[in-house]
Amino acid sequence: MLKYFLLIILIFSCWFVQAQKPEKIIDSTAYYDDLFNSMEQFLDSLLAPHSFTAINVGVSSNYYNYTSTNSATVDVKKKITLSPSIGYFHKNGLGISVAANLVHDGQSLNAYQYAVTGSYDYIKNNLFATGIGYTLFFTKSNLSFYTSPLQNSISAYFLYRKLWFKPSVSASYGWGSRSSYEEREEKIISLRLREKGFTRINTQENINDFSVSASVKHDFYWLNVLNNKDYVRLTPQVTFSSGSQQFCMNQSSNTYGTTRLTSANVLYNSNEAFLDDKIYLQPLSLTASLKLQYSLGVFFVQPQLVEDYYIPAKQTNILLILNAGFVF
């Protein structure tokens with residue numbers, strides 16, 4: 001049963017690893033692209049489902065996109081992300097998990113996003129396993145780096161369990177919107193308006209994203225490595241992902257100045273920008289991963305090496321992920 005909860009916890013710790021690409025401000029698959037890509041990894045050796053609680057902390061190195069205040073360039077920084085999570089899963093297949101993502105903002109650890117997931121897994125059949133999950137994201141506003149407006153994600157998977165190389169398919173659909181309002185003071189350069197003015201900026205973002213993945217994997221086991229209560233599992237896996245996305249952003253900016261005689265606000269300048277980025281269904285990535293897990297009683301540690309080739313950008317990322325936790 002250990003495999004059943006390990007991946008659900010591992011999922012939350014990997015949200016920002018494969019999705020974010022350094023050269024992109026708007027991440028087409030941020031936070032959920034691989035949400036259920038390897039869900040099958042913990043399902044193929046279950047004997048008798050039972051209820052359990054899992055606590056996990058994930059550590060990964062991720063890219064964050066910072067917008068410069070002096071130019072339109074993007075400052076990409078690589079930082080360590082901590083992803084603690086806790087979940088309860090009932091033997092009837094129902095489960096609920098709560099996770100967070102934290103990054104150091106220069107002063108302290110900032111928990112900039114939380115996620116709550118409800119799931120159901122059908123794992124009683126020896127030939128296959130299947131399941132569905134819904135995730136609700138809560139992301140802080142006024143962050144110094146860009147985050148996707150994603151708020152909801154629904155995912156499903158199917159695994160065939162009777163082949164040596166176990167094939168699986170998974171699909172996810174995410175959507176969300178975000179509105180922001182900013183008002184800042186600035187000096188109005190005008191012969192008539194020489195007082196301080198202010199600028200009001202309204203931004204509306206919308207995202208709809210669909211992805212589908214196919215993968216094959218195999219688990220190698222070594223039992224009783226150091227004592228009669230431990231085991232080692234090595235899992236190589238290859239995953240191909242494709243997807244589509246529609247992203248829209250509408251931003252209006254109005255600058256006002258205050259006259260000295262009447263104290264009335266006068267519109268000084270007005271700008272409006274619109275971005276509509278549509279990506280049709282296309283290949284996204286080819287990923288090879290090697291996961292090593294050591295379990296001793298209720299404790300486990302799980303390092304993972306991932307090589308992800310992002311097809312549209314023709315770019316390869318090599319990632320290291322470390323998870324550790326307890327299962328009760």
# chains A, B, ... in the order shown; residues from 1 in each chain; ligands from 1
call {"tool": "residues_around", "arguments": {"residues": "region 198-202 of chain A", "least_positions_apart": "3", "cutoff": "7 Å", "atoms": "only C-alpha atoms", "output": "list in words"}}
result
Ser180, Tyr181, Glu182, Glu183, Arg184, Glu185, Glu186, Gln251, Ser252, Ser253, Asn254, Thr255, Tyr256 and Gly257 of chain A
call {"tool": "residues_around", "arguments": {"residues": "Gln302 (chain A)", "least_positions_apart": "5", "cutoff": "9 Å", "atoms": "only C-alpha atoms", "output": "NGL selection string"}}
result
:A and (291-295 or 321-325)
call {"tool": "closest_residue", "arguments": {"among": "A:Tyr120, A:Phe274, A:Phe52, A:Phe326", "to": "Asn250 (chain A)", "atoms": "only C-alpha atoms"}}
result
A:Phe274
call {"tool": "atom_distance", "arguments": {"atom1": "CA of Phe240 (chain A)", "atom2": "CA of Val59 (chain A)"}}
result
24.2 Å
call {"tool": "atom_distance", "arguments": {"atom1": "CA of Leu290 (chain A)", "atom2": "CA of Pro303 (chain A)"}}
result
8.7 Å
call {"tool": "closest_residue", "arguments": {"among": "A:Met249, A:Thr135, A:Ala111, A:Thr81", "to": "Ile96 (chain A)", "atoms": "only C-alpha atoms"}}
result
A:Thr135
call {"tool": "residues_around", "arguments": {"residues": "Lys162 (chain A)", "least_positions_apart": "5", "cutoff": "10 Å", "atoms": "only C-alpha atoms", "output": "ChimeraX atom specification"}}
result
/A:44,126-128,167
call {"tool": "closest_residue", "arguments": {"among": "A:Tyr231, A:Tyr309, A:Tyr63, A:Tyr114", "to": "Thr287 (chain A)", "atoms": "only C-alpha atoms"}}
result
A:Tyr309
call {"tool": "residues_around", "arguments": {"residues": "Gly95 (chain A)", "least_positions_apart": "6", "cutoff": "8 Å", "atoms": "only C-alpha atoms", "output": "list in words"}}
result
Gly87, Tyr88, Phe89, Gly118, Ser119 and Tyr120 of chain A
call {"tool": "write_last_selection", "arguments": {"atoms": "all heavy atoms", "output": "short mmCIF file (atom, residue, chain, number, x, y, z; two decimals), in the first residue's frame"}}
result
data_model
loop_
_atom_site.label_atom_id
_atom_site.label_comp_id
_atom_site.auth_asym_id
_atom_site.auth_seq_id
_atom_site.Cartn_x
_atom_site.Cartn_y
_atom_site.Cartn_z
N GLY A 87 -1.94 14.07 3.85
CA GLY A 87 -3.11 13.51 3.19
C GLY A 87 -3.68 12.34 3.95
O GLY A 87 -2.97 11.62 4.66
N TYR A 88 -5.00 12.16 3.81
CA TYR A 88 -5.67 11.00 4.39
C TYR A 88 -6.39 10.27 3.26
O TYR A 88 -7.12 10.90 2.47
CB TYR A 88 -6.67 11.40 5.47
CG TYR A 88 -7.48 10.22 5.97
CD1 TYR A 88 -6.92 9.31 6.86
CD2 TYR A 88 -8.79 10.00 5.54
CE1 TYR A 88 -7.64 8.22 7.32
CE2 TYR A 88 -9.51 8.92 6.00
CZ TYR A 88 -8.94 8.03 6.88
OH TYR A 88 -9.66 6.95 7.32
N PHE A 89 -6.22 8.94 3.19
CA PHE A 89 -6.79 8.14 2.13
C PHE A 89 -7.51 6.94 2.73
O PHE A 89 -6.92 6.15 3.46
CB PHE A 89 -5.69 7.70 1.17
CG PHE A 89 -4.89 8.86 0.64
CD1 PHE A 89 -3.73 9.25 1.27
CD2 PHE A 89 -5.33 9.57 -0.47
CE1 PHE A 89 -2.99 10.33 0.80
CE2 PHE A 89 -4.60 10.65 -0.94
CZ PHE A 89 -3.43 11.03 -0.30
N GLY A 118 -9.12 16.52 -3.70
CA GLY A 118 -9.98 15.39 -3.40
C GLY A 118 -9.84 14.37 -4.51
O GLY A 118 -9.75 14.74 -5.69
N SER A 119 -9.79 13.09 -4.17
CA SER A 119 -9.52 12.07 -5.19
C SER A 119 -10.30 10.80 -4.91
O SER A 119 -10.76 10.55 -3.78
CB SER A 119 -8.02 11.74 -5.24
OG SER A 119 -7.58 11.23 -3.99
N TYR A 120 -10.45 10.01 -5.96
CA TYR A 120 -11.00 8.66 -5.84
C TYR A 120 -10.20 7.74 -6.74
O TYR A 120 -9.98 8.03 -7.93
CB TYR A 120 -12.47 8.60 -6.23
CG TYR A 120 -13.00 7.18 -6.23
CD1 TYR A 120 -13.31 6.54 -5.02
CD2 TYR A 120 -13.14 6.47 -7.42
CE1 TYR A 120 -13.76 5.23 -5.01
CE2 TYR A 120 -13.60 5.16 -7.41
CZ TYR A 120 -13.90 4.55 -6.20
OH TYR A 120 -14.34 3.24 -6.18
#
call {"tool": "closest_atom_pairs", "arguments": {"of": "region 230-296 of chain A", "to": "region 147-152 of chain A", "cutoff": "12 Å", "atoms": "only C-alpha atoms", "output": "Markdown table"}}
result
| residue | atom | partner | partner_atom | distance |
| --- | --- | --- | --- | --- |
| A:Gln245 | CA | A:Leu150 | CA | 11.8 |
| A:Gln246 | CA | A:Leu150 | CA | 11.9 |
| A:Phe247 | CA | A:Pro149 | CA | 9.6 |
| A:Cys248 | CA | A:Pro149 | CA | 10.5 |
| A:Met249 | CA | A:Pro149 | CA | 10.4 |
call {"tool": "closest_residue", "arguments": {"among": "A:Ser241, A:Ser289, A:Gln113, A:Asn65", "to": "Phe137 (chain A)", "atoms": "only C-alpha atoms"}}
result
A:Gln113
call {"tool": "select_by_dssp", "arguments": {"residues": "region 70-205 of chain A", "states": "strand (DSSP E or B)", "output": "PyMOL selection string"}}
result
chain A and resi 74-89+94-104+109-122+128-139+145+152-160+166-187+196-205
call {"tool": "decode", "arguments": {"residues": "region 91-102 of chain A", "atoms": "N, CA, C and O atoms", "output": "tab-separated table (two decimals), in the first residue's frame"}}
result
chain	number	residue	atom	x	y	z
A	91	LYS	N	-9.72	3.36	2.68
A	91	LYS	CA	-9.60	2.10	1.94
A	91	LYS	C	-10.65	1.95	0.85
A	91	LYS	O	-10.49	1.12	-0.05
A	92	ASN	N	-11.73	2.73	0.89
A	92	ASN	CA	-12.73	2.66	-0.18
A	92	ASN	C	-12.32	3.45	-1.42
A	92	ASN	O	-13.04	3.45	-2.42
A	93	GLY	N	-11.16	4.13	-1.39
A	93	GLY	CA	-10.66	4.83	-2.56
A	93	GLY	C	-10.71	6.34	-2.45
A	93	GLY	O	-10.05	7.03	-3.23
A	94	LEU	N	-11.49	6.87	-1.52
A	94	LEU	CA	-11.59	8.32	-1.36
A	94	LEU	C	-10.37	8.86	-0.62
A	94	LEU	O	-9.85	8.22	0.31
A	95	GLY	N	-9.93	10.05	-1.02
A	95	GLY	CA	-8.78	10.66	-0.35
A	95	GLY	C	-8.85	12.17	-0.40
A	95	GLY	O	-9.52	12.76	-1.25
A	96	ILE	N	-8.15	12.80	0.53
A	96	ILE	CA	-8.04	14.26	0.55
A	96	ILE	C	-6.63	14.63	0.97
A	96	ILE	O	-6.04	14.00	1.87
A	97	SER	N	-6.05	15.63	0.31
A	97	SER	CA	-4.69	16.05	0.59
A	97	SER	C	-4.62	17.57	0.63
A	97	SER	O	-5.36	18.26	-0.08
A	98	VAL	N	-3.71	18.08	1.45
A	98	VAL	CA	-3.44	19.51	1.54
A	98	VAL	C	-1.93	19.69	1.39
A	98	VAL	O	-1.15	19.00	2.05
A	99	ALA	N	-1.53	20.60	0.51
A	99	ALA	CA	-0.12	20.82	0.23
A	99	ALA	C	0.18	22.31	0.13
A	99	ALA	O	-0.72	23.12	-0.09
A	100	ALA	N	1.45	22.64	0.29
A	100	ALA	CA	1.89	24.03	0.17
A	100	ALA	C	3.22	24.07	-0.56
A	100	ALA	O	3.95	23.07	-0.60
A	101	ASN	N	3.52	25.21	-1.16
A	101	ASN	CA	4.82	25.44	-1.78
A	101	ASN	C	5.43	26.68	-1.16
A	101	ASN	O	4.78	27.73	-1.08
A	102	LEU	N	6.69	26.57	-0.72
A	102	LEU	CA	7.38	27.65	-0.03
A	102	LEU	C	8.70	27.95	-0.73
A	102	LEU	O	9.41	27.03	-1.16
